[in-house]
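Engineer: One file is attached below, protein_22.csv, containing CSV, C-alpha atoms and all ligand atoms.
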chain,number,residue,atom,x,y,z
A,1,MET,CA,-13.8,-78.4,-262.1
A,2,ALA,CA,-11.8,-78.6,-265.3
A,3,ASP,CA,-14.7,-80.2,-267.1
A,4,SER,CA,-17.2,-77.4,-266.2
A,5,PHE,CA,-14.6,-74.8,-267.2
A,6,VAL,CA,-14.3,-76.4,-270.7
A,7,THR,CA,-18.1,-76.7,-271.2
A,8,GLN,CA,-18.6,-73.1,-270.3
A,9,LYS,CA,-16.2,-71.9,-273.1
A,10,LYS,CA,-18.1,-70.7,-276.1
A,11,THR,CA,-15.3,-70.6,-278.6
A,12,PRO,CA,-12.7,-73.4,-279.1
A,13,THR,CA,-9.3,-73.0,-277.6
A,14,PHE,CA,-6.5,-71.6,-279.9
A,15,ALA,CA,-5.0,-75.1,-280.0
A,16,ALA,CA,-8.3,-76.7,-281.0
A,17,ARG,CA,-8.8,-74.0,-283.7
A,18,MET,CA,-5.3,-74.5,-285.1
A,19,ASP,CA,-5.9,-78.3,-285.1
A,20,THR,CA,-9.2,-77.8,-287.1
A,21,LEU,CA,-7.5,-75.5,-289.6
A,22,SER,CA,-4.4,-77.7,-290.1
A,23,ARG,CA,-6.3,-79.9,-292.6
A,24,PHE,CA,-6.4,-77.0,-295.0
A,25,LYS,CA,-2.6,-77.0,-295.4
A,26,ILE,CA,-1.4,-77.7,-298.9
A,27,SER,CA,2.2,-78.7,-299.6
A,28,LEU,CA,3.3,-77.2,-302.9
A,29,ALA,CA,6.8,-78.8,-302.7
A,30,ASP,CA,5.4,-82.3,-303.1
A,31,LEU,CA,2.8,-81.4,-305.7
A,32,PRO,CA,2.4,-84.0,-308.5
A,33,ALA,CA,3.3,-82.8,-312.0
A,34,ASP,CA,-0.3,-83.1,-313.2
A,35,GLY,CA,-1.6,-81.2,-310.2
A,36,TYR,CA,-3.8,-82.1,-307.3
A,37,THR,CA,-7.4,-82.0,-306.3
A,38,CYS,CA,-8.8,-82.1,-302.8
A,39,SER,CA,-12.1,-81.5,-301.1
A,40,TRP,CA,-13.5,-80.7,-297.7
A,41,HIS,CA,-16.8,-80.5,-296.0
A,42,LEU,CA,-17.1,-77.2,-294.2
A,43,ASP,CA,-19.4,-77.1,-291.1
A,44,ASP,CA,-19.9,-75.0,-288.0
A,45,THR,CA,-16.5,-76.1,-286.6
A,46,PHE,CA,-14.7,-74.5,-289.6
A,47,PHE,CA,-16.4,-71.2,-288.9
A,48,ALA,CA,-15.9,-71.4,-285.1
A,49,ALA,CA,-12.2,-72.0,-285.8
A,50,LEU,CA,-11.9,-68.9,-287.9
A,51,ASP,CA,-13.9,-66.9,-285.4
A,52,GLU,CA,-15.1,-64.3,-287.9
A,53,GLN,CA,-18.1,-62.1,-287.3
A,54,LEU,CA,-20.1,-62.4,-290.5
A,55,ILE,CA,-20.5,-66.1,-290.8
A,56,ARG,CA,-20.7,-68.3,-287.7
A,57,GLN,CA,-22.5,-71.3,-289.1
A,58,GLY,CA,-22.6,-73.1,-292.4
A,59,CYS,CA,-22.7,-76.4,-294.4
A,60,LEU,CA,-20.8,-76.4,-297.6
A,61,ASP,CA,-18.7,-78.6,-299.8
A,62,ALA,CA,-15.4,-77.1,-301.0
A,63,THR,CA,-13.1,-78.3,-303.7
A,64,LEU,CA,-9.6,-77.1,-304.5
A,65,ARG,CA,-7.7,-77.8,-307.7
A,66,VAL,CA,-4.0,-76.9,-307.7
A,67,ASN,CA,-2.3,-76.6,-311.1
A,68,ARG,CA,1.4,-76.2,-311.8
A,69,LYS,CA,2.0,-73.3,-314.1
A,70,SER,CA,5.3,-72.0,-315.4
A,71,GLY,CA,6.8,-70.0,-312.4
A,72,HIS,CA,3.7,-70.3,-310.1
A,73,PHE,CA,0.8,-72.4,-308.9
A,74,GLU,CA,-2.8,-71.8,-309.8
A,75,LEU,CA,-5.4,-72.5,-307.1
A,76,LEU,CA,-9.0,-72.9,-308.2
A,77,PHE,CA,-11.6,-72.9,-305.4
A,78,HIS,CA,-15.2,-74.0,-305.7
A,79,VAL,CA,-17.7,-73.8,-302.8
A,80,GLU,CA,-21.3,-74.9,-302.8
A,81,GLY,CA,-23.8,-75.0,-299.9
A,82,GLU,CA,-25.3,-72.6,-297.5
A,83,VAL,CA,-24.4,-70.4,-294.6
A,84,SER,CA,-26.2,-68.7,-291.7
A,85,VAL,CA,-25.9,-64.9,-291.6
A,86,PRO,CA,-27.8,-62.2,-289.7
A,87,CYS,CA,-30.7,-60.8,-291.8
A,88,ASP,CA,-30.0,-57.1,-292.6
A,89,ARG,CA,-33.7,-56.3,-291.9
A,90,CYS,CA,-34.5,-58.2,-288.6
A,91,LEU,CA,-31.0,-59.3,-287.5
A,92,GLU,CA,-32.3,-62.9,-287.0
A,93,PRO,CA,-30.3,-65.7,-288.6
A,94,MET,CA,-31.2,-66.5,-292.2
A,95,SER,CA,-30.0,-69.1,-294.6
A,96,GLN,CA,-28.0,-67.9,-297.5
A,97,PRO,CA,-27.2,-70.3,-300.4
A,98,VAL,CA,-23.7,-70.0,-301.7
A,99,SER,CA,-22.2,-71.1,-305.0
A,100,ALA,CA,-18.9,-69.5,-305.7
A,101,GLU,CA,-15.5,-69.9,-307.4
A,102,ASP,CA,-12.3,-68.1,-307.0
A,103,THR,CA,-8.8,-68.3,-308.4
A,104,ILE,CA,-5.5,-67.3,-306.7
A,105,GLU,CA,-2.0,-67.4,-307.9
A,106,VAL,CA,0.8,-68.6,-305.6
A,107,HIS,CA,4.4,-67.9,-306.1
A,108,LEU,CA,7.5,-69.1,-304.3
A,109,GLY,CA,9.8,-66.4,-303.0
A,110,GLU,CA,11.9,-65.3,-300.1
A,111,ARG,CA,9.1,-64.6,-297.5
A,112,PHE,CA,5.4,-64.7,-297.2
A,113,ASP,CA,3.5,-61.9,-298.9
A,114,ASP,CA,-0.1,-61.4,-300.0
A,115,ASP,CA,-0.8,-58.3,-302.1
A,116,GLY,CA,-4.5,-59.3,-302.7
A,117,GLU,CA,-3.7,-60.7,-306.2
A,118,ILE,CA,-0.7,-62.9,-305.7
A,119,ILE,CA,0.3,-64.8,-302.6
A,120,THR,CA,4.0,-65.5,-302.2
A,121,VAL,CA,5.2,-68.3,-299.8
A,122,PRO,CA,8.8,-68.9,-298.7
A,123,GLU,CA,10.6,-71.3,-301.0
A,124,THR,CA,12.1,-73.0,-297.9
A,125,ASP,CA,8.6,-73.8,-296.6
A,126,ALA,CA,6.6,-74.2,-299.7
A,127,GLN,CA,3.1,-74.7,-298.2
A,128,ILE,CA,0.0,-72.7,-297.9
A,129,ASN,CA,-3.0,-72.9,-295.6
A,130,VAL,CA,-6.1,-72.2,-297.6
A,131,ALA,CA,-8.7,-71.9,-294.8
A,132,TRP,CA,-8.8,-68.1,-295.0
A,133,ASN,CA,-9.0,-68.3,-298.9
A,134,LEU,CA,-12.0,-70.6,-298.6
A,135,TYR,CA,-13.7,-68.3,-296.1
A,136,GLU,CA,-13.1,-65.3,-298.4
A,137,THR,CA,-14.5,-67.1,-301.4
A,138,ILE,CA,-17.7,-67.8,-299.3
A,139,ALA,CA,-17.9,-64.3,-297.8
A,140,LEU,CA,-17.6,-62.5,-301.1
A,141,ALA,CA,-20.5,-64.6,-302.5
A,142,ILE,CA,-22.9,-63.2,-299.9
A,143,PRO,CA,-24.9,-60.3,-301.3
A,144,ILE,CA,-24.1,-57.0,-299.5
A,145,TYR,CA,-27.7,-56.6,-298.7
A,146,HIS,CA,-29.1,-60.0,-297.5
A,147,VAL,CA,-32.6,-60.3,-296.1
A,148,HIS,CA,-35.3,-63.0,-295.5
A,149,PRO,CA,-37.7,-63.3,-298.4
A,150,ASP,CA,-40.5,-60.6,-298.2
A,151,GLY,CA,-42.9,-61.3,-295.4
A,152,GLN,CA,-40.7,-63.9,-293.8
A,153,CYS,CA,-38.8,-61.8,-291.2
A,154,PRO,CA,-40.1,-62.8,-287.8
A,155,GLU,CA,-42.7,-60.2,-286.9
A,156,GLU,CA,-42.2,-58.2,-283.7
A,157,VAL,CA,-45.8,-58.4,-282.7
A,158,SER,CA,-46.0,-62.2,-283.0
A,159,GLN,CA,-42.8,-62.5,-281.0
A,160,PHE,CA,-44.3,-60.2,-278.3
A,161,PHE,CA,-47.2,-62.6,-277.8
A,162,THR,CA,-45.3,-65.8,-277.8
A,163,SER,CA,-41.9,-65.1,-276.3
A,164,PRO,CA,-41.6,-64.4,-272.6
A,165,SER,CA,-44.1,-67.0,-271.3
A,166,ASP,CA,-42.9,-69.7,-273.7
A,167,ASP,CA,-39.4,-69.3,-272.4
A,168,THR,CA,-38.7,-72.5,-270.4
A,169,SER,CA,-35.1,-72.0,-269.7
A,170,GLY,CA,-36.0,-70.1,-266.6
A,171,ASN,CA,-32.8,-68.2,-266.1
A,172,ALA,CA,-32.6,-66.4,-269.4
A,173,PRO,CA,-31.8,-62.7,-269.0
A,174,ALA,CA,-34.7,-60.3,-269.6
A,175,ASP,CA,-34.7,-59.4,-273.3
A,176,ALA,CA,-34.4,-55.7,-273.7
A,177,ARG,CA,-36.3,-55.9,-277.0
A,178,TRP,CA,-39.5,-57.0,-275.3
A,179,GLU,CA,-39.2,-54.2,-272.8
A,180,ALA,CA,-38.7,-51.7,-275.6
A,181,LEU,CA,-41.6,-53.1,-277.6
A,182,ARG,CA,-43.9,-53.2,-274.6
A,183,SER,CA,-43.3,-49.5,-273.8
A,184,LEU,CA,-43.9,-48.7,-277.4
A,185,LEU,CA,-47.3,-50.4,-277.4
A,186,ASP,CA,-48.2,-48.9,-274.0
A,187,ASP,CA,-47.5,-45.4,-275.4
A,188,LYS,CA,-49.9,-46.0,-278.3
A,189,HIS,CA,-52.8,-46.9,-275.9
A,201,ZN,ZN,-35.3,-61.0,-291.5
Would you encode the structure as structure tokens?
Structural biologist:
Amino acid sequence: MADSFVTQKKTPTFAARMDTLSRFKISLADLPADGYTCSWHLDDTFFAALDEQLIRQGCLDATLRVNRKSGHFELLFHVEGEVSVPCDRCLEPMSQPVSAEDTIEVHLGERFDDDGEIITVPETDAQINVAWNLYETIALAIPIYHVHPDGQCPEEVSQFFTSPSDDTSGNAPADARWEALRSLLDDKH
């Protein structure tokens, strides 16, 4: 019973998500004088844990360099790889290469604050989880209008001829798009 319940869940539990994201926590209190560099591989579990709408899948390498500056820390992000996002023309998933850099400034203060330019973390708990900063660096690198290369959006007509009978799952719900397309074609004849 418990097993079937778990396998039916589409998004990871909150605890599993937090566990996935805990590896992006950076301790600023223990930072070596000459700074610190770390890297991560970001895959589908990263995007599932963040549960954001735009990017649900991806495969990227991310590097973070943390430098001590006078009075604050400088965090330099670099991400390289590709993500899957819905095409703005056909809404089918498309692969979007990403190569991006971002810099944020982190200060120690009384309480957490993020004004978009400078992040302040409490001096008493001098750490920051950069999972969201990594996601933002990736998301901002995606062009506002992103589409398959010309001529490579799946064509509605070819889908019409291949889809319903090729569906072997048997219990898939009727696809409203086929019904709409079918009535459109019927109207023309
Ligand atoms: Zn497309």
Engineer: Could you pull the residues within 9 Å of range 73-75 of chain A, counting all atoms listed in the file, minus those fewer than 5 positions along the same chain, as a PyMOL selection string?
Structural biologist: chain A and resi 28+64-68+102-108
Engineer: Could you pull out the residues sitting within 12 Å of ligand ZN 201 (chain A), using only C-alpha atoms and all ligand atoms, and write them as a PyMOL selection string?
Structural biologist: chain A and resi 84-96+145-156
Engineer: Taking into account only C-alpha atoms, which residue in the set A:Asp115, A:Asp44, A:Asp34, A:Glu101 is nearest to Leu134 in chain A?
Structural biologist: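 Between A:Asp115, A:Asp44, A:Asp34, A:Glu101, the residue approaching Leu134 in chain A most closely is A:Glu101.
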Engineer: Mind checking which residues fall within 8 Å of range 14-24 of chain A, counting all atoms listed in the file, ignoring those fewer than 4 positions away in the same chain, and posting them as a PDB file with C-alpha atoms, in the coordinates of the input?
Structural biologist:
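The result, written out as out-v5.pdb:
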ATOM      1  CA  THR A  45     -16.500 -76.100-286.600  1.00  0.00           C
ATOM      2  CA  PHE A  46     -14.700 -74.500-289.600  1.00  0.00           C
ATOM      3  CA  ALA A  48     -15.900 -71.400-285.100  1.00  0.00           C
ATOM      4  CA  ALA A  49     -12.200 -72.000-285.800  1.00  0.00           C
ATOM      5  CA  LEU A  50     -11.900 -68.900-287.900  1.00  0.00           C
ATOM      6  CA  ASN A 129      -3.000 -72.900-295.600  1.00  0.00           C
ATOM      7  CA  VAL A 130      -6.100 -72.200-297.600  1.00  0.00           C
ATOM      8  CA  ALA A 131      -8.700 -71.900-294.800  1.00  0.00           C
TER       9      ALA A 131
END
Engineer: Pull the neighbourhood of (0.6, -73.0, -298.1) for me: all residues within 8 Å in file coordinates, counting only C-alpha atoms, as a PyMOL selection string.
Structural biologist: chain A and resi 25-28+121+126-130
Engineer: Up to 8 Å from (11.4, -64.7, -300.0) in the file's coordinates: name the residues, counting all atoms listed in the file, as a ChimeraX atom specification.
Structural biologist: /A:108-112,120-123
Engineer: Pick from A:Phe47, A:Thr37, A:Leu140, A:Gln53: nearest to Leu76 in chain A, with only C-alpha atoms counted?
Structural biologist: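 Result for the nearest residue to Leu76 in chain A: A:Thr37.
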Engineer: Rounded to one decimal in Å, what is the spacing between CA of Tyr135 in chain A and CA of Ser99 in chain A?
Structural biologist: 12.6 Å
Engineer: CA of Ser70 in chain A to CA of Gly116 in chain A: how many Å, to one decimal?
Structural biologist: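 The value is 20.5 Å.
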Engineer: Calculated over all atoms listed in the file, which of the candidates A:Glu52, A:Thr13, A:Asp125, A:Ala29 has the smallest distance to His72 in chain A?
Structural biologist: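 Of A:Glu52, A:Thr13, A:Asp125, A:Ala29, the one nearest His72 in chain A is A:Ala29, counting all atoms listed in the file.
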Engineer: Can you tell me how far CA of Trp132 in chain A sits from CA of Ala62 in chain A, in Å to one decimal?
Structural biologist: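 Pair CA of Trp132 in chain A / CA of Ala62 in chain A returns 12.7 Å.
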Engineer: Neighbouring residues of Val83 in chain A were defined as those with any atom within 8 Å, considering only C-alpha atoms; residues of the same chain fewer than 2 positions away were excluded. Please report them as a list in words.
Structural biologist: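 Counting only C-alpha atoms, the residues come to Ile55, Gln57, Gly58, Cys59, Leu60, Gly81, Val85, Ser95, Gln96, Pro97 and Val98 of chain A.
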Engineer: Taking all atoms listed in the file into account, name the residue in A:Asp30, A:Asp61, A:Glu117, A:Ile138 that is nearest to Asp43 in chain A.
Structural biologist: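 Ranking A:Asp30, A:Asp61, A:Glu117, A:Ile138 by distance to Asp43 in chain A, first place goes to A:Asp61.
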